[in-house]
Each structure stands twice: as C-alpha cells, then as structure tokens.
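Just target-v2.tsv here, TSV, C-alpha atoms and all ligand atoms:
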```tsv
chain	number	residue	atom	x	y	z
A	1	MET	CA	-20.07	-12.32	2.26
A	2	SER	CA	-20.47	-12.75	5.99
A	3	ILE	CA	-20.77	-10.12	8.68
A	4	ASN	CA	-17.86	-10.39	11.12
A	5	PRO	CA	-18.79	-12.54	14.07
A	6	LYS	CA	-18.21	-10.67	17.29
A	7	ILE	CA	-16.30	-13.41	19.06
A	8	PRO	CA	-14.33	-12.21	22.10
A	9	ALA	CA	-10.63	-11.65	21.45
A	10	ILE	CA	-8.17	-14.42	22.27
A	11	LYS	CA	-6.07	-13.39	25.28
A	12	PRO	CA	-2.53	-12.57	24.12
A	13	GLN	CA	-1.04	-15.39	26.23
A	14	ASN	CA	-3.39	-17.90	24.57
A	15	ILE	CA	-2.74	-16.87	20.97
A	16	THR	CA	-1.44	-19.61	18.72
A	17	VAL	CA	-0.94	-19.57	14.96
A	18	GLU	CA	-3.76	-22.12	14.77
A	19	ASN	CA	-6.45	-20.28	16.75
A	20	LEU	CA	-5.54	-16.82	15.44
A	21	SER	CA	-5.54	-17.89	11.79
A	22	ASN	CA	-8.87	-19.68	12.28
A	23	GLN	CA	-10.47	-16.55	13.70
A	24	ILE	CA	-8.99	-14.39	10.96
A	25	ILE	CA	-10.35	-16.73	8.29
A	26	GLU	CA	-13.76	-16.52	10.01
A	27	GLY	CA	-13.62	-12.76	9.46
A	28	ASN	CA	-13.03	-11.67	13.05
A	29	LYS	CA	-11.76	-8.08	13.02
A	30	VAL	CA	-10.22	-8.26	16.50
A	31	ALA	CA	-8.18	-11.29	15.48
A	32	LEU	CA	-7.21	-9.52	12.26
A	33	ALA	CA	-5.91	-6.55	14.26
A	34	GLN	CA	-4.01	-8.92	16.57
A	35	GLY	CA	-2.47	-10.63	13.53
A	36	ILE	CA	-1.34	-7.31	12.05
A	37	THR	CA	0.18	-6.34	15.41
A	38	ARG	CA	2.18	-9.59	15.34
A	39	ILE	CA	3.52	-8.97	11.84
A	40	GLU	CA	4.52	-5.45	12.88
A	41	SER	CA	6.32	-6.69	15.97
A	42	LYS	CA	10.08	-6.85	15.97
A	43	ALA	CA	10.33	-9.35	18.83
A	44	PRO	CA	12.29	-12.37	17.52
A	45	HIS	CA	9.64	-14.94	18.57
A	46	HIS	CA	6.96	-12.84	16.84
A	47	ILE	CA	8.91	-12.89	13.57
A	48	GLN	CA	8.65	-16.68	13.41
A	49	PHE	CA	5.00	-16.46	14.50
A	50	ALA	CA	4.27	-13.92	11.75
A	51	ASN	CA	5.92	-16.08	9.09
A	52	ASP	CA	3.91	-19.11	10.20
A	53	LEU	CA	0.72	-17.06	10.30
A	54	ILE	CA	1.24	-15.80	6.74
A	55	THR	CA	1.98	-19.34	5.52
A	56	LYS	CA	-1.22	-20.55	7.17
A	57	ILE	CA	-3.52	-17.87	5.74
A	58	LEU	CA	-1.90	-17.59	2.29
A	59	PRO	CA	-4.28	-20.08	0.63
A	60	TYR	CA	-7.18	-17.82	1.68
A	61	ALA	CA	-5.62	-14.57	0.44
A	62	GLY	CA	-5.49	-12.99	-3.00
A	63	LYS	CA	-9.17	-12.59	-3.79
A	64	ALA	CA	-9.58	-8.85	-3.18
A	65	VAL	CA	-9.07	-5.98	-5.52
A	66	ARG	CA	-6.16	-3.96	-4.19
A	67	ILE	CA	-6.43	-0.24	-4.77
A	68	GLY	CA	-3.68	2.32	-4.08
A	69	ILE	CA	-4.57	5.98	-3.59
A	70	THR	CA	-2.06	8.75	-4.01
A	71	GLY	CA	-2.07	12.52	-4.37
A	72	VAL	CA	-0.52	15.56	-2.72
A	73	PRO	CA	-1.29	16.26	0.96
A	74	GLY	CA	-4.73	17.81	1.35
A	75	VAL	CA	-6.05	16.62	-2.02
A	76	GLY	CA	-8.73	14.71	-0.14
A	77	LYS	CA	-7.49	11.11	-0.09
A	78	SER	CA	-8.83	10.19	3.36
A	79	THR	CA	-12.15	11.89	2.72
A	80	PHE	CA	-12.41	10.11	-0.64
A	81	ILE	CA	-11.74	6.76	1.03
A	82	GLU	CA	-14.43	7.50	3.62
A	83	SER	CA	-16.90	8.35	0.86
A	84	PHE	CA	-16.00	5.64	-1.66
A	85	GLY	CA	-15.48	3.03	1.06
A	86	THR	CA	-18.94	3.73	2.46
A	87	TYR	CA	-20.40	3.33	-1.03
A	88	CYS	CA	-18.69	-0.07	-1.29
A	89	THR	CA	-20.08	-1.26	2.06
A	90	ASP	CA	-23.54	0.31	1.95
A	91	VAL	CA	-24.43	0.05	-1.72
A	92	LEU	CA	-22.29	-2.84	-2.96
A	93	GLN	CA	-22.35	-4.70	0.39
A	94	LYS	CA	-18.64	-5.36	0.08
A	95	LYS	CA	-16.17	-5.67	2.93
A	96	VAL	CA	-13.59	-2.88	2.78
A	97	ALA	CA	-10.20	-2.69	4.49
A	98	VAL	CA	-8.22	0.54	4.62
A	99	LEU	CA	-4.48	0.51	5.24
A	100	ALA	CA	-1.97	3.31	5.01
A	101	ILE	CA	1.64	3.49	4.06
A	102	ASP	CA	3.68	6.31	5.45
A	103	PRO	CA	7.37	6.47	4.59
A	104	SER	CA	7.92	9.15	7.22
A	105	SER	CA	6.64	6.79	9.90
A	106	SER	CA	9.95	4.97	9.67
A	107	VAL	CA	11.47	8.07	11.20
A	108	SER	CA	8.71	9.89	13.04
A	109	LYS	CA	6.46	6.97	13.97
A	110	GLY	CA	3.63	8.90	12.35
A	111	SER	CA	0.28	7.31	11.76
A	112	ILE	CA	-3.03	8.02	10.14
A	113	LEU	CA	-4.65	8.58	13.49
A	114	GLY	CA	-5.52	12.05	12.23
A	115	ASP	CA	-7.01	10.41	9.20
A	116	LYS	CA	-9.02	8.10	11.35
A	117	THR	CA	-11.08	11.08	12.39
A	118	ARG	CA	-11.74	11.73	8.70
A	119	MET	CA	-12.96	8.16	8.36
A	120	GLU	CA	-15.38	8.35	11.24
A	121	THR	CA	-18.19	6.53	9.46
A	122	LEU	CA	-15.93	3.85	8.06
A	123	VAL	CA	-14.23	3.16	11.40
A	124	LYS	CA	-17.62	2.36	12.95
A	125	ASN	CA	-18.85	0.40	9.95
A	126	ASP	CA	-19.24	-3.35	10.55
A	127	LEU	CA	-18.15	-4.17	7.02
A	128	ALA	CA	-15.04	-1.99	7.21
A	129	PHE	CA	-11.64	-2.27	8.83
A	130	VAL	CA	-9.36	0.76	9.18
A	131	ARG	CA	-5.78	0.30	10.29
A	132	PRO	CA	-3.36	3.12	11.03
A	133	SER	CA	-0.04	3.21	9.26
A	134	PRO	CA	2.61	0.86	10.62
A	135	SER	CA	5.93	2.20	11.69
A	136	GLY	CA	9.21	0.47	11.12
A	137	THR	CA	12.89	1.02	11.19
A	138	THR	CA	13.22	0.99	7.43
A	139	LEU	CA	11.04	1.91	4.50
A	140	GLY	CA	11.29	-1.71	3.40
A	141	GLY	CA	10.05	-2.73	6.85
A	142	VAL	CA	7.04	-0.45	6.62
A	143	ALA	CA	6.25	-1.80	3.14
A	144	LYS	CA	6.63	-5.40	4.30
A	145	ASN	CA	4.13	-4.83	7.11
A	146	THR	CA	1.61	-3.32	4.71
A	147	ARG	CA	2.00	-6.13	2.18
A	148	GLU	CA	1.47	-8.77	4.81
A	149	ALA	CA	-1.45	-6.81	6.26
A	150	ILE	CA	-3.08	-6.95	2.80
A	151	LEU	CA	-2.84	-10.75	2.85
A	152	LEU	CA	-4.34	-10.97	6.34
A	153	CYS	CA	-7.22	-8.66	5.35
A	154	GLU	CA	-7.92	-10.80	2.29
A	155	ALA	CA	-7.90	-13.97	4.35
A	156	ALA	CA	-10.43	-12.28	6.64
A	157	GLY	CA	-12.72	-11.90	3.64
A	158	PHE	CA	-12.16	-8.24	2.79
A	159	GLU	CA	-12.98	-7.81	-0.87
A	160	VAL	CA	-11.77	-4.27	-1.43
A	161	ILE	CA	-8.43	-3.21	0.01
A	162	ILE	CA	-7.61	0.48	-0.13
A	163	ILE	CA	-4.12	1.72	0.62
A	164	GLU	CA	-3.60	5.42	1.23
A	165	THR	CA	-0.18	6.90	0.69
A	166	VAL	CA	0.53	9.23	3.56
A	167	GLY	CA	3.27	11.80	3.49
A	168	VAL	CA	5.63	12.38	0.65
A	169	GLY	CA	8.63	10.56	-0.73
A	170	GLN	CA	8.93	7.16	-2.21
A	171	SER	CA	5.54	5.92	-1.14
A	172	GLU	CA	4.04	6.07	-4.64
A	173	THR	CA	6.44	3.50	-6.05
A	174	LEU	CA	6.06	1.32	-2.98
A	175	VAL	CA	2.28	1.35	-3.15
A	176	LYS	CA	2.23	0.85	-6.92
A	177	GLY	CA	4.27	-2.30	-6.25
A	178	MET	CA	1.61	-3.80	-4.00
A	179	VAL	CA	-1.70	-2.96	-5.68
A	180	ASP	CA	-3.69	-3.90	-8.76
A	181	PHE	CA	-5.17	-0.48	-9.44
A	182	PHE	CA	-3.34	2.77	-8.80
A	183	LEU	CA	-5.51	5.84	-8.42
A	184	LEU	CA	-4.19	9.40	-8.50
A	185	LEU	CA	-6.22	12.16	-6.89
A	186	ASN	CA	-5.78	15.65	-8.20
A	187	ILE	CA	-7.49	19.00	-7.76
A	188	THR	CA	-8.04	21.73	-10.28
A	189	GLY	CA	-5.59	24.55	-10.35
A	190	ALA	CA	-5.70	27.78	-12.24
A	191	GLY	CA	-4.96	27.04	-15.88
A	192	ASP	CA	-2.38	24.38	-16.55
A	193	GLU	CA	-3.77	21.22	-15.04
A	194	LEU	CA	-0.63	19.25	-15.64
A	195	GLN	CA	1.39	21.59	-13.52
A	196	GLY	CA	2.34	20.18	-10.20
A	197	ILE	CA	1.69	16.55	-11.08
A	198	LYS	CA	4.86	14.68	-11.59
A	199	ARG	CA	4.77	13.01	-14.97
A	200	GLY	CA	6.18	9.81	-13.51
A	201	ILE	CA	3.26	9.50	-11.15
A	202	MET	CA	0.77	10.15	-13.93
A	203	GLU	CA	2.36	7.37	-15.93
A	204	MET	CA	1.87	5.01	-13.01
A	205	ALA	CA	-1.83	5.82	-12.64
A	206	ASP	CA	-4.57	3.52	-13.91
A	207	GLY	CA	-7.12	6.18	-13.07
A	208	ILE	CA	-7.04	9.88	-12.27
A	209	ILE	CA	-9.72	11.63	-10.25
A	210	ILE	CA	-10.25	15.37	-10.30
A	211	ASN	CA	-11.37	15.68	-6.71
A	212	LYS	CA	-13.46	18.29	-4.87
A	213	ALA	CA	-15.57	18.72	-8.00
A	214	ASP	CA	-18.24	20.65	-6.14
A	215	GLY	CA	-19.41	24.25	-5.72
A	216	ASP	CA	-17.30	26.69	-7.70
A	217	ASN	CA	-14.95	23.90	-8.64
A	218	ALA	CA	-17.50	21.73	-10.44
A	219	LYS	CA	-17.12	23.40	-13.85
A	220	LYS	CA	-13.36	23.77	-13.59
A	221	ALA	CA	-13.12	20.08	-12.76
A	222	ILE	CA	-14.85	19.05	-15.98
A	223	PHE	CA	-12.50	21.31	-17.93
A	224	ALA	CA	-9.51	19.74	-16.17
A	225	GLN	CA	-10.87	16.28	-16.88
A	226	LYS	CA	-10.98	16.99	-20.64
A	227	GLU	CA	-7.51	18.49	-20.59
A	228	LEU	CA	-6.03	15.51	-18.76
A	229	GLU	CA	-7.77	13.08	-21.09
A	230	ARG	CA	-6.14	14.84	-24.02
A	231	ALA	CA	-2.74	14.81	-22.33
A	232	LEU	CA	-2.99	11.09	-21.61
A	233	HIS	CA	-3.15	10.37	-25.35
A	234	TYR	CA	0.50	11.36	-25.56
A	235	PHE	CA	1.52	8.96	-22.84
A	236	PRO	CA	3.14	5.60	-23.66
A	237	ILE	CA	0.74	2.66	-23.93
A	238	ASN	CA	0.41	0.99	-20.56
A	239	PRO	CA	1.72	-2.62	-20.43
A	240	SER	CA	-1.64	-3.59	-18.94
A	241	GLY	CA	-3.36	-2.77	-22.22
A	242	TRP	CA	-5.62	-0.49	-20.18
A	243	ILE	CA	-6.13	3.13	-21.12
A	244	PRO	CA	-6.21	5.21	-17.91
A	245	LYS	CA	-9.49	6.98	-17.26
A	246	VAL	CA	-10.08	10.46	-15.86
A	247	LEU	CA	-13.12	11.05	-13.65
A	248	THR	CA	-14.41	13.87	-11.48
A	249	TYR	CA	-15.44	13.28	-7.87
A	250	SER	CA	-16.80	15.01	-4.81
A	251	SER	CA	-16.71	13.46	-1.38
A	252	LEU	CA	-19.58	15.64	-0.20
A	253	ASN	CA	-21.76	12.76	-1.37
A	254	TYR	CA	-21.05	9.49	-3.11
A	255	GLU	CA	-22.96	10.24	-6.29
A	256	LYS	CA	-19.92	9.60	-8.48
A	257	ALA	CA	-18.79	6.49	-6.63
A	258	THR	CA	-20.62	4.28	-9.13
A	259	ASP	CA	-18.36	5.63	-11.90
A	260	VAL	CA	-15.25	4.94	-9.83
A	261	TRP	CA	-16.37	1.40	-9.06
A	262	GLN	CA	-17.24	0.82	-12.71
A	263	MET	CA	-13.79	2.01	-13.77
A	264	ILE	CA	-12.10	-0.36	-11.33
A	265	THR	CA	-14.33	-3.29	-12.33
A	266	GLU	CA	-13.63	-2.66	-16.02
A	267	PHE	CA	-9.90	-2.53	-15.28
A	268	VAL	CA	-10.04	-5.85	-13.42
A	269	GLU	CA	-12.09	-7.50	-16.20
A	270	THR	CA	-9.81	-6.20	-18.96
A	271	THR	CA	-6.57	-7.13	-17.26
A	272	GLN	CA	-7.80	-10.52	-16.08
A	273	ALA	CA	-8.90	-11.31	-19.65
A	274	ASN	CA	-5.49	-10.41	-21.05
A	275	GLN	CA	-3.66	-12.02	-18.10
A	276	TYR	CA	-1.87	-8.80	-17.09
A	277	PHE	CA	-3.58	-8.81	-13.69
A	278	PHE	CA	-1.98	-12.14	-12.75
A	279	LYS	CA	1.36	-11.39	-14.38
A	280	ASN	CA	1.54	-8.11	-12.44
A	281	ARG	CA	0.88	-9.80	-9.10
A	282	ASN	CA	3.44	-12.43	-9.94
A	283	GLN	CA	6.02	-9.84	-10.86
A	284	GLN	CA	5.28	-7.93	-7.66
A	285	ASN	CA	6.01	-11.11	-5.71
A	286	GLN	CA	9.30	-11.57	-7.52
A	287	VAL	CA	10.36	-7.98	-6.81
A	288	TRP	CA	9.26	-8.45	-3.24
A	289	PHE	CA	11.42	-11.56	-2.89
A	290	THR	CA	14.46	-9.81	-4.38
A	291	GLU	CA	13.99	-6.77	-2.15
A	292	THR	CA	13.56	-8.85	0.99
A	293	LEU	CA	16.66	-10.84	0.16
A	294	LYS	CA	18.66	-7.67	-0.47
A	295	GLU	CA	17.55	-6.11	2.78
A	296	GLY	CA	18.30	-9.33	4.67
A	297	VAL	CA	21.81	-9.55	3.25
A	298	LEU	CA	22.51	-5.96	4.26
A	299	GLN	CA	21.14	-6.47	7.73
A	300	ARG	CA	23.18	-9.63	8.33
A	301	PHE	CA	26.27	-8.02	6.89
A	302	TYR	CA	26.14	-5.00	9.18
A	303	ALA	CA	25.09	-7.02	12.21
A	304	ASP	CA	28.45	-8.81	12.07
A	305	GLU	CA	30.77	-7.35	14.71
A	306	THR	CA	33.93	-8.04	12.68
A	307	ILE	CA	32.41	-6.07	9.82
A	308	GLN	CA	31.44	-3.23	12.13
A	309	LYS	CA	35.00	-3.04	13.43
A	310	ALA	CA	36.47	-3.22	9.91
A	311	VAL	CA	34.15	-0.44	8.73
A	312	GLU	CA	35.19	1.73	11.66
A	313	ILE	CA	38.89	1.20	10.88
A	314	ALA	CA	38.32	1.82	7.17
A	315	LEU	CA	36.52	5.10	7.87
A	316	GLU	CA	39.41	6.24	10.04
A	317	LEU	CA	41.98	5.33	7.36
A	318	ILE	CA	39.93	7.12	4.70
A	319	LYS	CA	39.71	10.21	6.90
A	320	ASN	CA	43.51	10.28	7.10
A	321	ASN	CA	43.87	9.64	3.35
A	322	GLN	CA	45.67	6.39	4.08
A	323	ILE	CA	43.52	4.25	1.81
A	324	SER	CA	41.23	4.85	-1.16
A	325	PRO	CA	37.53	4.37	-0.40
A	326	PHE	CA	37.29	1.78	-3.19
A	327	THR	CA	40.16	-0.32	-1.90
A	328	ALA	CA	38.80	-0.11	1.62
A	329	ALA	CA	35.37	-1.32	0.48
A	330	LYS	CA	36.87	-4.11	-1.62
A	331	ASN	CA	39.05	-5.27	1.26
A	332	ILE	CA	36.08	-5.58	3.56
A	333	LEU	CA	33.99	-7.40	0.96
A	334	ASP	CA	36.84	-9.79	0.14
A	335	GLY	CA	37.34	-10.57	3.78
A	336	TRP	CA	33.66	-10.97	4.52
A	337	VAL	CA	32.76	-14.54	5.43
A	338	LYS	CA	29.16	-15.17	4.45
A	339	PRO	CA	26.93	-15.94	7.45
A	340	THR	CA	25.48	-19.44	7.49
B	1	LIG	N1	-15.22	20.70	-0.99
B	1	LIG	C1	-14.62	19.55	-0.77
B	1	LIG	N2	-13.69	19.45	0.21
B	1	LIG	C2	-13.08	18.26	0.40
B	1	LIG	C3	-13.39	17.14	-0.42
B	1	LIG	N3	-12.60	16.10	-0.02
B	1	LIG	C4	-11.84	16.56	1.00
B	1	LIG	N4	-12.11	17.85	1.26
B	1	LIG	C5	-11.47	18.68	2.30
B	1	LIG	O1	-10.08	18.77	2.03
B	1	LIG	C6	-9.30	18.72	3.22
B	1	LIG	C7	-8.24	17.64	3.14
B	1	LIG	O2	-8.84	16.38	3.06
B	1	LIG	P1	-8.11	15.01	3.46
B	1	LIG	O3	-9.07	13.93	3.10
B	1	LIG	O4	-7.61	15.06	4.81
B	1	LIG	O5	-6.89	15.04	2.45
B	1	LIG	P2	-5.67	13.97	2.37
B	1	LIG	O6	-5.28	13.93	0.93
B	1	LIG	O7	-6.04	12.70	3.01
B	1	LIG	O8	-4.56	14.71	3.19
B	1	LIG	P3	-3.22	14.07	3.82
B	1	LIG	O9	-3.58	12.77	4.46
B	1	LIG	O10	-2.78	15.11	4.79
B	1	LIG	O11	-2.26	13.90	2.68
B	1	LIG	C8	-10.30	18.51	4.35
B	1	LIG	O12	-10.53	19.74	4.96
B	1	LIG	C9	-11.53	18.01	3.66
B	1	LIG	O13	-12.71	18.34	4.35
B	1	LIG	C10	-14.38	17.27	-1.46
B	1	LIG	O14	-14.71	16.38	-2.21
B	1	LIG	N5	-14.96	18.51	-1.57
B	2	MG	MG	-5.08	11.59	4.54
```
Structure encoded using structure tokens:
Amino acid sequence: MSINPKIPAIKPQNITVENLSNQIIEGNKVALAQGITRIESKAPHHIQFANDLITKILPYAGKAVRIGITGVPGVGKSTFIESFGTYCTDVLQKKVAVLAIDPSSSVSKGSILGDKTRMETLVKNDLAFVRPSPSGTTLGGVAKNTREAILLCEAAGFEVIIIETVGVGQSETLVKGMVDFFLLLNITGAGDELQGIKRGIMEMADGIIINKADGDNAKKAIFAQKELERALHYFPINPSGWIPKVLTYSSLNYEKATDVWQMITEFVETTQANQYFFKNRNQQNQVWFTETLKEGVLQRFYADETIQKAVEIALELIKNNQISPFTAAKNILDGWVKPT
C-alpha cells in the first residue's frame, strides 16, 4: 500500500487518457477526482474519453472489497462510515474510498455535501477519498457513474470501497447490484425490532448492525441483536452460502469496528472459497450490460424525430378515442427503423 503522491494536478487542457490513467494508477487522488468528473460529464467528447479511460484502468480494478451501506435516514450511516472508515485507515492501514448513491439526485441534484461534514476526519485523511453523490438525468445514469467510480477508485489502489445509499427509493437494489457485501444499519425501537424494516431489504443483507448501541440504548441493542438473529433463521438460505450476521455498533468510538471487519473478511473468505464472490461479480456485470443496452435502446428510440412526431400524433388520436393505445404503440414499433 502506498501513500498517495501529492503530484500537482494535470491542467484540464492537458489531460489525456494516457496521463490521467497513469496518475490514477499511481494513486493520485486529484487525478482520481478528475477522472470521476469526466465519467460524470455528459459532454459528447467526454463520453468517449470516459469509455477509453475505463478500458485503460480496467486491468487494475477489481481488487477491493465493495461494501454497500443502507438504512433509513438518520440511522447513522455517514457517522458509521466515518468511524469504521477511520478504523480501516488508522488501524488496518487500508486505503478507503467512500462514494454515495442518491436516487433523488437525478431530480434534485442532491449530494452528500451535508454528509461530508459528518465525515470530517475521513475527508482530511490521506488514506481516504470521499466523493459526493453524482447527479444524472436518470437513475441508471447515476448508477453508471457510481459503478465506474468504483473501478477508478480500485485502480487508484483503494482497498475498501464503501457506498452509502442516500435518500429513499430504489437505491437499495441498485447498490446491492454493485457491491460484494451489503450492510443494513438499524436502530432499536420499542418492542418489535422487525417493525419498520422491509423484509425484502433484510433478505438482501449480508450483515445487519444495530447502530447507536450506546448509553441507554446499549442493553436494548443486545436484545434486538438476539431477536434479529432468531428471525434470520426463518429466512431463506442465501445463495452465497453465507449466513448473515447481526452485530451491535456505536460510532462514538470504533471499539466494535474489529467485529465488523472480521465479519466482512469472513464473508469474503467464505464466498471466495465457494466461488460465489466471483459468480456474483460476473452476474452483476451481465445485468449491468443488459441494463445499459436497454437504456441505450430507449434513448436512441426517443431521440429519433420521426418517432417523437409519431408519438405526438398517437397521443392526440388516443385522446380523441380514434385509435386504441395498443394499436398506436404497435404501429409505431412496426414502423420504427432501427438506428445504425
Ligand atoms: N448516540 C449515537 N448517535 C449517533 C451514532 N451514529 C450517528 N449518530 C447521530 O445520529 C444522527 C444521524 O446520523 P447520520 O450519520 O447523519 O445518519 P445517516 O443515516 O447518514 O442519515 P442520512 O444520510 O440523512 O440518511 C446524527 O445526529 C449523529 O450524530 C451513534 O453511534 N451513537
Ligand atoms: Mg448520511
């Protein structure tokens, strides 16, 4: 593991795929940020640049453990990342990159800037890299940016990649589809600990943390941990062959971070031994390809002016009950000449 060399940034006008990828591979954080900015850019010449950059760095990517963090707003995700991330850098001497995925940013251009203040230590840490959530025009676009950012971070030598889900919506499924280990943060409630956690999300989790296990909550957290462990017995066996673990945590210190790291290490060892780890990444790539293709087809289809005109006419005819919606759709599809 090497400390990032503090080489001055390449001036934007002098950036080439060659010099930027070289600096990223050397672990330069400024170059890494510049690379991520390029993949987030919608300028047509940047799209080609981004594709070439990814192709160039791909052989250097893939070596990190990718961890997704989810949980309701306010459960303590950012604070946990600050605490656990600092443990990884300070105690384990590992390079940690933090990315965020925010489905609402496709609409509101939101970011984790607020979260950045909760990661004050990590932001200043030489071994860490914190990147606010990208925005995009579509959810798929936001996800694409994050996936490519993961690859760039790995090429830059980051060994632990943490992705925080920000906001609510479909982010859990998206993040699950880009990580190795999916961690659900939860807090104790009064009584029924399963209340409020969507079963589907629990089924996706490889680990559950009962967070804010401090002060008055410490005892309740242990109770909740036992209850969740019991509940998990009734869940279907995970295809990874891994039985999800339940831990308690407090971000007031990183006392329990060792347990979290041990859980993740055990998961990686188990799933690499039974090949699930590699199969999962492979399957994620296949899904990713299919999704990208689907989105591309839609984009090209609707970008076609003839189609736009035909859709307009069809909508008008439907409004006046002059054609059935199904016939109208079929007519347009039948008349659609595939773009070359
Ligand atoms: N007592 C205690 N408070 C905590 C702990 N972790 C977080 N908090 C507090 O909980 C509040 C929310 O924490 P965040 O880390 O911002 O939660 P989040 O899940 O990232 O929230 P969103 O990003 O808005 O979804 C803050 O006021 C934290 O100080 C903890 O371990 N113990
Ligand atoms: Mg947060």
Counting only C-alpha atoms and all ligand atoms, which residues of chain A fall within 9 Å of ligand LIG 1 (chain B), and what is the closest atom pair for each with its distance in Å at one decimal, ordered by chain and rising number, as a tab-separated table?
```
residue	atom	partner	partner_atom	distance
A:Thr70	CA	B:LIG1	O6	7.8
A:Gly71	CA	B:LIG1	O6	6.4
A:Val72	CA	B:LIG1	O11	5.9
A:Pro73	CA	B:LIG1	O11	3.1
A:Gly74	CA	B:LIG1	O8	3.6
A:Val75	CA	B:LIG1	O6	4.1
A:Gly76	CA	B:LIG1	O5	3.2
A:Lys77	CA	B:LIG1	O6	3.7
A:Ser78	CA	B:LIG1	O3	3.8
A:Thr79	CA	B:LIG1	O3	3.7
A:Phe80	CA	B:LIG1	N3	6.0
A:Ile81	CA	B:LIG1	O3	7.9
A:Glu82	CA	B:LIG1	O3	8.4
A:Ser83	CA	B:LIG1	O14	8.9
A:Ile112	CA	B:LIG1	O9	7.4
A:Gly114	CA	B:LIG1	O9	8.0
A:Asp115	CA	B:LIG1	O9	6.3
A:Arg118	CA	B:LIG1	O4	6.6
A:Met119	CA	B:LIG1	O3	8.7
A:Glu164	CA	B:LIG1	O7	7.9
A:Thr165	CA	B:LIG1	O11	7.6
A:Val166	CA	B:LIG1	O9	5.5
A:Gly167	CA	B:LIG1	O11	6.0
A:Val168	CA	B:LIG1	O11	8.3
A:Leu185	CA	B:LIG1	O6	8.1
A:Asn211	CA	B:LIG1	O14	5.6
A:Lys212	CA	B:LIG1	O14	3.5
A:Ala213	CA	B:LIG1	O14	6.3
A:Asp214	CA	B:LIG1	N1	6.0
A:Gly215	CA	B:LIG1	N1	7.2
A:Asn217	CA	B:LIG1	N1	8.3
A:Tyr249	CA	B:LIG1	O14	6.5
A:Ser250	CA	B:LIG1	O14	3.6
A:Ser251	CA	B:LIG1	O14	3.6
A:Leu252	CA	B:LIG1	O14	5.3
A:Asn253	CA	B:LIG1	O14	8.0
```
Nearest residue to Thr271 of chain A from the set A:Ser171, A:Asp180, A:Glu291, A:Gln308 (distances using all atoms listed in the file): A:Asp180
Nearest to Thr86 of chain A by atom-to-atom distance, counting all atoms listed in the file, from A:Ile24, A:Val160, A:Ala231, A:Ile57: A:Val160
Computed interatomic separation between atom CA of Ile208 of chain A and atom CA of Ile222 of chain A (Å): 12.6 Å
Straight-line distance linking atom CA of Lys256 of chain A with atom CA of Ala64 of chain A, stated in Å to one decimal: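 Distance between the two atoms: 21.8 Å.
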Two-atom distance - atom CA of Leu293 of chain A, atom CA of Glu203 of chain A (Å): 28.2 Å
Nearest to ligand MG 2 (chain B) by atom-to-atom distance, counting only C-alpha atoms and all ligand atoms, from A:Leu99, A:Leu92, A:Ala224, A:Ile264: A:Leu99
A:Ile69, A:Ala314, A:Asp334, A:Phe84 ranked by distance to ligand MG 2 (chain B), top pick (using all atoms listed in the file): A:Ile69
Give me segment 272-277 of chain A with all heavy atoms filled in, as a CSV table (one decimal), in the coordinates of the input.
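Output saved as rebuild_25.csv:
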```csv
chain,number,residue,atom,x,y,z
A,272,GLN,N,-7.7,-9.1,-16.4
A,272,GLN,CA,-7.8,-10.5,-16.1
A,272,GLN,C,-8.0,-11.3,-17.4
A,272,GLN,O,-7.4,-12.3,-17.6
A,272,GLN,CB,-8.9,-10.8,-15.1
A,272,GLN,CG,-8.6,-10.4,-13.7
A,272,GLN,CD,-9.5,-11.0,-12.6
A,272,GLN,OE1,-10.6,-11.5,-12.9
A,272,GLN,NE2,-9.0,-10.9,-11.4
A,273,ALA,N,-8.7,-10.7,-18.3
A,273,ALA,CA,-8.9,-11.3,-19.6
A,273,ALA,C,-7.6,-11.4,-20.4
A,273,ALA,O,-7.3,-12.4,-21.1
A,273,ALA,CB,-9.9,-10.5,-20.5
A,274,ASN,N,-6.8,-10.3,-20.3
A,274,ASN,CA,-5.5,-10.4,-21.0
A,274,ASN,C,-4.3,-10.9,-20.2
A,274,ASN,O,-3.2,-10.8,-20.6
A,274,ASN,CB,-5.2,-9.1,-21.7
A,274,ASN,CG,-4.8,-8.0,-20.7
A,274,ASN,OD1,-4.5,-8.2,-19.5
A,274,ASN,ND2,-4.8,-6.7,-21.1
A,275,GLN,N,-4.6,-11.4,-19.0
A,275,GLN,CA,-3.7,-12.0,-18.1
A,275,GLN,C,-2.7,-11.0,-17.4
A,275,GLN,O,-2.0,-11.5,-16.5
A,275,GLN,CB,-2.8,-13.1,-18.8
A,275,GLN,CG,-3.5,-14.2,-19.4
A,275,GLN,CD,-4.2,-15.1,-18.4
A,275,GLN,OE1,-3.6,-15.5,-17.4
A,275,GLN,NE2,-5.5,-15.3,-18.5
A,276,TYR,N,-2.8,-9.8,-17.7
A,276,TYR,CA,-1.9,-8.8,-17.1
A,276,TYR,C,-2.0,-8.8,-15.6
A,276,TYR,O,-1.1,-8.7,-14.8
A,276,TYR,CB,-2.1,-7.4,-17.6
A,276,TYR,CG,-1.3,-6.3,-16.9
A,276,TYR,CD1,0.1,-6.1,-17.2
A,276,TYR,CD2,-1.8,-5.6,-15.8
A,276,TYR,CE1,0.8,-5.2,-16.5
A,276,TYR,CE2,-1.0,-4.7,-15.1
A,276,TYR,CZ,0.3,-4.5,-15.5
A,276,TYR,OH,1.0,-3.6,-14.8
A,277,PHE,N,-3.3,-8.9,-15.1
A,277,PHE,CA,-3.6,-8.8,-13.7
A,277,PHE,C,-2.7,-9.8,-12.9
A,277,PHE,O,-2.1,-9.5,-11.9
A,277,PHE,CB,-5.1,-9.1,-13.5
A,277,PHE,CG,-5.6,-9.0,-12.1
A,277,PHE,CD1,-6.1,-7.8,-11.7
A,277,PHE,CD2,-5.6,-10.1,-11.2
A,277,PHE,CE1,-6.6,-7.7,-10.4
A,277,PHE,CE2,-6.1,-9.9,-10.0
A,277,PHE,CZ,-6.6,-8.7,-9.5
```
